[in-house]
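> Starting off with a structure, shown below.
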Amino acid sequence: MKVVHTIAELRDALRPFDSPALVATMGNLHAGHLALMKAAKPLGDVAVASIFVNRLQFAPHEDFDTYPRTLEADCEKLRGAGCDIVFAPSEREMYPEPQGFKVQPPAELADILEGHFRPGFFTGVCTVVMKLFQCVFSEAKGRRSALFGLKDYQQQLVVRRMVKQLALPIDIVSAATERAADGLALSSRNSYLSESERAEAVQLSLALRALARDALAAADGLERQLPALEQRAMQALAARGWQPDYLTVRRREDLQAPKAGDALVVLGAARLGNTRLIDNLEI
Ligand code: PAF
């Protein structure tokens, strides 16, 4: 496995290959990232991981400065997962001058849910993902694949829409959320949780499951009952000491309010102490 830090080194390392498969990460890797890496392996002739904590997707009050940077440990894990090339650029390499050009996703998809509570987040994500795509795929001659976890449900939808609307010749592959034994969705930010918070954290996915059950029971009355069901789910979590941002049932394809017969996804984001967790469940 090669570890490269510049775009020029990355392109050199990729030159002998035709079909890169990319897993973009911000490091502090867990089993969810490694499952993506393993899924990337058969999709191309070279499996690439990027590790870059992208300042553009953090608001000033968020955890950019304290986000765990664990490059050596990450490389060990990636080696075990069959990664061929790790691209770990510095900030100066990715943003040698202030990044004035940005990729702005459509408001109806990107300014709701995560984008509502984290304004500018998806512009930061799309901008860096587009740049990573340029770095990894610009000289590829065969299939180009990029893998995204369903844990960040809205993110993979936004990236899919970007690829479609900008006609990028890249297959976006989504992979199931990896969970701890108790059901907590794996996330780099789980490492912020204290022992007692870690024991409590699974309640977010349990709350989503309960809301999913209520939504299914509402059947044809879903549109009418949904606001009350969502409010009850948020109140139940708040009563346990959480600060929920949203618990909601949406149409899978575009995260808009669902109508009878739509394929559904339940999504939630809530703060436990100082840690903001997100999770979702397709129903
Ligand atoms: O999901 C993440 O870790 C990040 O949002 C991504 C896709 C690597 C872009 O910085």
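Please note that chains go A, B, ... in the order of the structure tokens, that every chain numbers its residues from 1, and that ligands are numbered from 1 in the order shown.
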Within 12 Å of stretch 114-121 of chain A, counting only C-alpha atoms, which residues show up once you throw out same-chain ones fewer than 6 positions away? Write them as a ChimeraX atom specification, please.
/A:54-62,102-108,127-128,152-155,158,244-248,255,267-271,276-279
> Using only C-alpha atoms, which residues sit within 9 Å of stretch 194-201 of chain A once same-chain residues fewer than 6 positions away are excluded, as a list in words?
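Here the qualifying residues turn out to be Asp182, Leu184, Arg240, Leu272, Gly273 and Leu277 of chain A.
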> Can you pull out every residue within 9 Å of A:Gln156, counting only C-alpha atoms, but drop anything in the same chain fewer than 6 positions away, and send it as a list in words?
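Once the nearby chain positions are removed, what remains is Leu147, Phe148, Gly149, Leu150, Ile172, Val173 and Ser174 of chain A.
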> Filtering to N, CA and C atoms, could you give me those residues as a PDB file, in the first residue's frame?

```pdb
ATOM      1  N   LEU A 147     -17.526   5.128  -3.211  1.00  0.00           N
ATOM      2  CA  LEU A 147     -18.427   4.483  -2.250  1.00  0.00           C
ATOM      3  C   LEU A 147     -18.762   5.435  -1.108  1.00  0.00           C
ATOM      4  N   PHE A 148     -20.039   5.461  -0.748  1.00  0.00           N
ATOM      5  CA  PHE A 148     -20.485   6.310   0.351  1.00  0.00           C
ATOM      6  C   PHE A 148     -21.393   5.493   1.258  1.00  0.00           C
ATOM      7  N   GLY A 149     -21.238   5.683   2.573  1.00  0.00           N
ATOM      8  CA  GLY A 149     -22.045   4.920   3.517  1.00  0.00           C
ATOM      9  C   GLY A 149     -23.443   5.514   3.643  1.00  0.00           C
ATOM     10  N   LEU A 150     -24.422   4.631   3.819  1.00  0.00           N
ATOM     11  CA  LEU A 150     -25.805   5.094   4.008  1.00  0.00           C
ATOM     12  C   LEU A 150     -26.009   5.757   5.365  1.00  0.00           C
ATOM     13  N   ILE A 172     -21.743   5.959  -8.264  1.00  0.00           N
ATOM     14  CA  ILE A 172     -21.809   6.123  -6.808  1.00  0.00           C
ATOM     15  C   ILE A 172     -22.430   4.860  -6.229  1.00  0.00           C
ATOM     16  N   VAL A 173     -21.696   4.241  -5.314  1.00  0.00           N
ATOM     17  CA  VAL A 173     -22.148   2.980  -4.716  1.00  0.00           C
ATOM     18  C   VAL A 173     -22.413   3.252  -3.233  1.00  0.00           C
ATOM     19  N   SER A 174     -23.616   2.911  -2.783  1.00  0.00           N
ATOM     20  CA  SER A 174     -23.951   3.142  -1.372  1.00  0.00           C
ATOM     21  C   SER A 174     -23.830   1.834  -0.607  1.00  0.00           C
TER      22      SER A 174
END
```
> So which residues are near ligand 1, meaning at most 7 Å away with only C-alpha atoms and all ligand atoms counted, given back as a ChimeraX atom specification?
/A:24-26,52-54,125,128-129,152
> Selected residues, C-alpha atoms, written as a PDB file, in the first residue's frame, please.

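Okay, part-v1.pdb is ready:
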```pdb
ATOM      1  CA  ALA A  24     -13.398   9.315   0.719  1.00  0.00           C
ATOM      2  CA  THR A  25     -12.944   9.757   4.473  1.00  0.00           C
ATOM      3  CA  MET A  26     -11.904  12.276   7.079  1.00  0.00           C
ATOM      4  CA  PHE A  52      -8.659  14.702   4.611  1.00  0.00           C
ATOM      5  CA  VAL A  53     -10.404  16.693   7.322  1.00  0.00           C
ATOM      6  CA  ASN A  54     -12.203  19.200   5.147  1.00  0.00           C
ATOM      7  CA  VAL A 125     -18.877  18.372   1.086  1.00  0.00           C
ATOM      8  CA  VAL A 128     -14.174  18.651  -1.620  1.00  0.00           C
ATOM      9  CA  VAL A 129     -15.767  15.550  -3.132  1.00  0.00           C
ATOM     10  CA  ASP A 152     -24.772   9.766   5.958  1.00  0.00           C
TER      11      ASP A 152
END
```
> If you take only C-alpha atoms and a cut-off of 12 Å, which residues of stretch 127-151 of chain A touch stretch 79-100 of chain A, and what are their nearest atom pairs and distances in Å to one decimal, in chain and number order, as a Markdown table?

```
| residue | atom | partner | partner_atom | distance |
| --- | --- | --- | --- | --- |
| A:Thr127 | CA | A:Gln99 | CA | 8.9 |
| A:Val128 | CA | A:Met94 | CA | 8.4 |
| A:Val129 | CA | A:Met94 | CA | 11.2 |
| A:Met130 | CA | A:Met94 | CA | 11.6 |
| A:Lys131 | CA | A:Met94 | CA | 8.2 |
| A:Leu132 | CA | A:Met94 | CA | 8.9 |
| A:Phe133 | CA | A:Phe87 | CA | 11.9 |
| A:Gln134 | CA | A:Met94 | CA | 11.4 |
| A:Cys135 | CA | A:Phe87 | CA | 9.5 |
| A:Val136 | CA | A:Phe87 | CA | 9.1 |
```
> Mind pulling up the distance from atom CA of A:Leu157 to atom CA of A:Leu264?
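Atom CA of A:Leu264 sits 13.9 Å away from atom CA of A:Leu157.
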> Return the single residue from A:Ala40, A:Ala228, A:Leu168, A:Cys75 that is closest to A:Ser138, with distances computed using only C-alpha atoms.
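Under the stated criterion, the closest residue is A:Leu168.
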> Please list as number ranges by chain every residue within 8 Å of stretch 8-19 of chain A, counting only C-alpha atoms and excluding residues in the same chain fewer than 4 positions away.
A: 2, 4, 43-46, 85, 87, 135-136, 139-145
> Could you tell me how far atom CA of A:Thr70 lies from atom CA of A:Pro20, in Å and to one decimal?
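Here the two named atoms are 24.2 Å from each other.
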> Which residues come within 8 Å of A:Leu34, counting only C-alpha atoms, excluding same-chain residues fewer than 5 positions away, as a VMD selection string?
chain A and resid 29 77 to 78 81
> Take atom CA of A:Leu204 and atom CA of A:Leu281 and report the distance between them in Å, one decimal.
11.0 Å
> Write down as a list in words the residues belonging to stretch 59-155 of chain A that are assigned strand (DSSP E or B) by DSSP computed on the backbone.
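Restricting stretch 59-155 of chain A to strand (DSSP E or B) produces Ile85, Val86, Phe87, Ser145, Ala146, Leu147, Phe148 and Gly149 of chain A.
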> Can you write out the residues you just picked, keeping N, CA and C atoms, as a JSON list (two decimals), in the first residue's frame?

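selection.json written:
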```json
[["chain", "number", "residue", "atom", "x", "y", "z"],
["A", 85, "ILE", "N", -3.90, 2.47, -2.30],
["A", 85, "ILE", "CA", -3.30, 3.82, -2.23],
["A", 85, "ILE", "C", -4.08, 4.65, -1.22],
["A", 86, "VAL", "N", -3.34, 5.29, -0.32],
["A", 86, "VAL", "CA", -3.95, 6.26, 0.60],
["A", 86, "VAL", "C", -3.53, 7.65, 0.15],
["A", 87, "PHE", "N", -4.50, 8.51, -0.08],
["A", 87, "PHE", "CA", -4.22, 9.90, -0.43],
["A", 87, "PHE", "C", -4.51, 10.75, 0.80],
["A", 145, "SER", "N", -15.49, 4.32, -9.63],
["A", 145, "SER", "CA", -16.49, 4.08, -8.57],
["A", 145, "SER", "C", -16.12, 4.86, -7.33],
["A", 146, "ALA", "N", -17.14, 5.37, -6.67],
["A", 146, "ALA", "CA", -16.92, 6.03, -5.37],
["A", 146, "ALA", "C", -17.98, 5.51, -4.41],
["A", 147, "LEU", "N", -17.53, 5.13, -3.21],
["A", 147, "LEU", "CA", -18.43, 4.48, -2.25],
["A", 147, "LEU", "C", -18.76, 5.43, -1.11],
["A", 148, "PHE", "N", -20.04, 5.46, -0.75],
["A", 148, "PHE", "CA", -20.48, 6.31, 0.35],
["A", 148, "PHE", "C", -21.39, 5.49, 1.26],
["A", 149, "GLY", "N", -21.24, 5.68, 2.57],
["A", 149, "GLY", "CA", -22.05, 4.92, 3.52],
["A", 149, "GLY", "C", -23.44, 5.51, 3.64]]
```
> Step one, run DSSP on the backbone; step two, keep only residues of stretch 116-260 of chain A assigned to helix (DSSP H, G or I); then write them as number ranges by chain.
A: 116-117, 121-137, 153-165, 188-192, 195-201, 203-239
> Store the residues of this selection in a file with C-alpha atoms, as a PDB file, in the first residue's frame.

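Done, and the output landed in part-v6.pdb:
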```
ATOM      1  CA  HIS A 116     -30.688  23.299   7.860  1.00  0.00           C
ATOM      2  CA  PHE A 117     -28.827  22.621  11.086  1.00  0.00           C
ATOM      3  CA  PHE A 121     -22.219  21.798   5.119  1.00  0.00           C
ATOM      4  CA  PHE A 122     -23.178  20.256   1.788  1.00  0.00           C
ATOM      5  CA  THR A 123     -21.469  22.992  -0.218  1.00  0.00           C
ATOM      6  CA  GLY A 124     -18.290  22.083   1.680  1.00  0.00           C
ATOM      7  CA  VAL A 125     -18.877  18.372   1.086  1.00  0.00           C
ATOM      8  CA  CYS A 126     -19.651  18.761  -2.641  1.00  0.00           C
ATOM      9  CA  THR A 127     -16.674  21.034  -3.184  1.00  0.00           C
ATOM     10  CA  VAL A 128     -14.174  18.651  -1.620  1.00  0.00           C
ATOM     11  CA  VAL A 129     -15.767  15.550  -3.132  1.00  0.00           C
ATOM     12  CA  MET A 130     -15.669  17.121  -6.594  1.00  0.00           C
ATOM     13  CA  LYS A 131     -12.015  17.981  -6.044  1.00  0.00           C
ATOM     14  CA  LEU A 132     -11.213  14.481  -4.792  1.00  0.00           C
ATOM     15  CA  PHE A 133     -12.995  13.059  -7.844  1.00  0.00           C
ATOM     16  CA  GLN A 134     -10.791  15.247 -10.062  1.00  0.00           C
ATOM     17  CA  CYS A 135      -7.661  14.065  -8.261  1.00  0.00           C
ATOM     18  CA  VAL A 136      -8.547  10.361  -8.405  1.00  0.00           C
ATOM     19  CA  PHE A 137     -10.521   9.912 -11.611  1.00  0.00           C
ATOM     20  CA  TYR A 153     -27.990   9.263   4.032  1.00  0.00           C
ATOM     21  CA  GLN A 154     -28.491  12.822   2.857  1.00  0.00           C
ATOM     22  CA  GLN A 155     -24.822  13.131   1.893  1.00  0.00           C
ATOM     23  CA  GLN A 156     -24.963  10.156  -0.462  1.00  0.00           C
ATOM     24  CA  LEU A 157     -28.150  11.539  -2.047  1.00  0.00           C
ATOM     25  CA  VAL A 158     -26.532  14.960  -2.529  1.00  0.00           C
ATOM     26  CA  VAL A 159     -23.431  13.381  -4.079  1.00  0.00           C
ATOM     27  CA  ARG A 160     -25.587  11.218  -6.354  1.00  0.00           C
ATOM     28  CA  ARG A 161     -27.502  14.301  -7.507  1.00  0.00           C
ATOM     29  CA  MET A 162     -24.233  16.185  -8.110  1.00  0.00           C
ATOM     30  CA  VAL A 163     -22.862  13.343 -10.222  1.00  0.00           C
ATOM     31  CA  LYS A 164     -26.107  13.158 -12.205  1.00  0.00           C
ATOM     32  CA  GLN A 165     -26.575  16.889 -12.809  1.00  0.00           C
ATOM     33  CA  SER A 188     -15.920   8.670  14.036  1.00  0.00           C
ATOM     34  CA  ARG A 189     -17.655  11.011  16.468  1.00  0.00           C
ATOM     35  CA  ASN A 190     -18.654   8.087  18.752  1.00  0.00           C
ATOM     36  CA  SER A 191     -15.142   8.418  20.162  1.00  0.00           C
ATOM     37  CA  TYR A 192     -16.249  11.701  21.798  1.00  0.00           C
ATOM     38  CA  GLU A 195     -18.852   5.770  29.017  1.00  0.00           C
ATOM     39  CA  SER A 196     -22.349   6.658  30.190  1.00  0.00           C
ATOM     40  CA  GLU A 197     -23.117   8.543  26.968  1.00  0.00           C
ATOM     41  CA  ARG A 198     -21.935   5.547  24.966  1.00  0.00           C
ATOM     42  CA  ALA A 199     -24.421   3.326  26.828  1.00  0.00           C
ATOM     43  CA  GLU A 200     -27.205   5.849  26.137  1.00  0.00           C
ATOM     44  CA  ALA A 201     -26.253   6.505  22.493  1.00  0.00           C
ATOM     45  CA  GLN A 203     -31.400   5.279  22.092  1.00  0.00           C
ATOM     46  CA  LEU A 204     -31.218   7.362  18.902  1.00  0.00           C
ATOM     47  CA  SER A 205     -31.533   4.297  16.689  1.00  0.00           C
ATOM     48  CA  LEU A 206     -34.228   2.879  19.008  1.00  0.00           C
ATOM     49  CA  ALA A 207     -36.171   6.146  18.694  1.00  0.00           C
ATOM     50  CA  LEU A 208     -35.924   5.906  14.900  1.00  0.00           C
ATOM     51  CA  ARG A 209     -37.186   2.341  15.017  1.00  0.00           C
ATOM     52  CA  ALA A 210     -40.141   3.361  17.195  1.00  0.00           C
ATOM     53  CA  LEU A 211     -40.963   6.224  14.801  1.00  0.00           C
ATOM     54  CA  ALA A 212     -40.714   3.808  11.857  1.00  0.00           C
ATOM     55  CA  ARG A 213     -43.198   1.470  13.576  1.00  0.00           C
ATOM     56  CA  ASP A 214     -45.593   4.371  14.226  1.00  0.00           C
ATOM     57  CA  ALA A 215     -45.280   5.536  10.607  1.00  0.00           C
ATOM     58  CA  LEU A 216     -46.060   2.068   9.272  1.00  0.00           C
ATOM     59  CA  ALA A 217     -49.031   1.748  11.629  1.00  0.00           C
ATOM     60  CA  ALA A 218     -50.381   5.104  10.395  1.00  0.00           C
ATOM     61  CA  ALA A 219     -50.517   3.669   6.843  1.00  0.00           C
ATOM     62  CA  ASP A 220     -52.904   5.824   4.738  1.00  0.00           C
ATOM     63  CA  GLY A 221     -53.165   8.420   7.504  1.00  0.00           C
ATOM     64  CA  LEU A 222     -49.404   9.027   7.488  1.00  0.00           C
ATOM     65  CA  GLU A 223     -49.448  12.539   5.996  1.00  0.00           C
ATOM     66  CA  ARG A 224     -51.967  13.744   8.570  1.00  0.00           C
ATOM     67  CA  GLN A 225     -50.427  11.992  11.591  1.00  0.00           C
ATOM     68  CA  LEU A 226     -46.768  12.532  10.843  1.00  0.00           C
ATOM     69  CA  PRO A 227     -46.203  15.909  12.559  1.00  0.00           C
ATOM     70  CA  ALA A 228     -47.583  14.549  15.851  1.00  0.00           C
ATOM     71  CA  LEU A 229     -45.625  11.280  15.548  1.00  0.00           C
ATOM     72  CA  GLU A 230     -42.378  13.152  14.874  1.00  0.00           C
ATOM     73  CA  GLN A 231     -42.987  15.526  17.763  1.00  0.00           C
ATOM     74  CA  ARG A 232     -43.671  12.632  20.129  1.00  0.00           C
ATOM     75  CA  ALA A 233     -40.444  10.905  19.059  1.00  0.00           C
ATOM     76  CA  MET A 234     -38.431  14.089  19.655  1.00  0.00           C
ATOM     77  CA  GLN A 235     -40.061  14.619  23.060  1.00  0.00           C
ATOM     78  CA  ALA A 236     -39.283  11.039  24.122  1.00  0.00           C
ATOM     79  CA  LEU A 237     -35.604  11.520  23.280  1.00  0.00           C
ATOM     80  CA  ALA A 238     -35.512  14.963  24.930  1.00  0.00           C
ATOM     81  CA  ALA A 239     -36.972  13.414  28.090  1.00  0.00           C
TER      82      ALA A 239
END
```
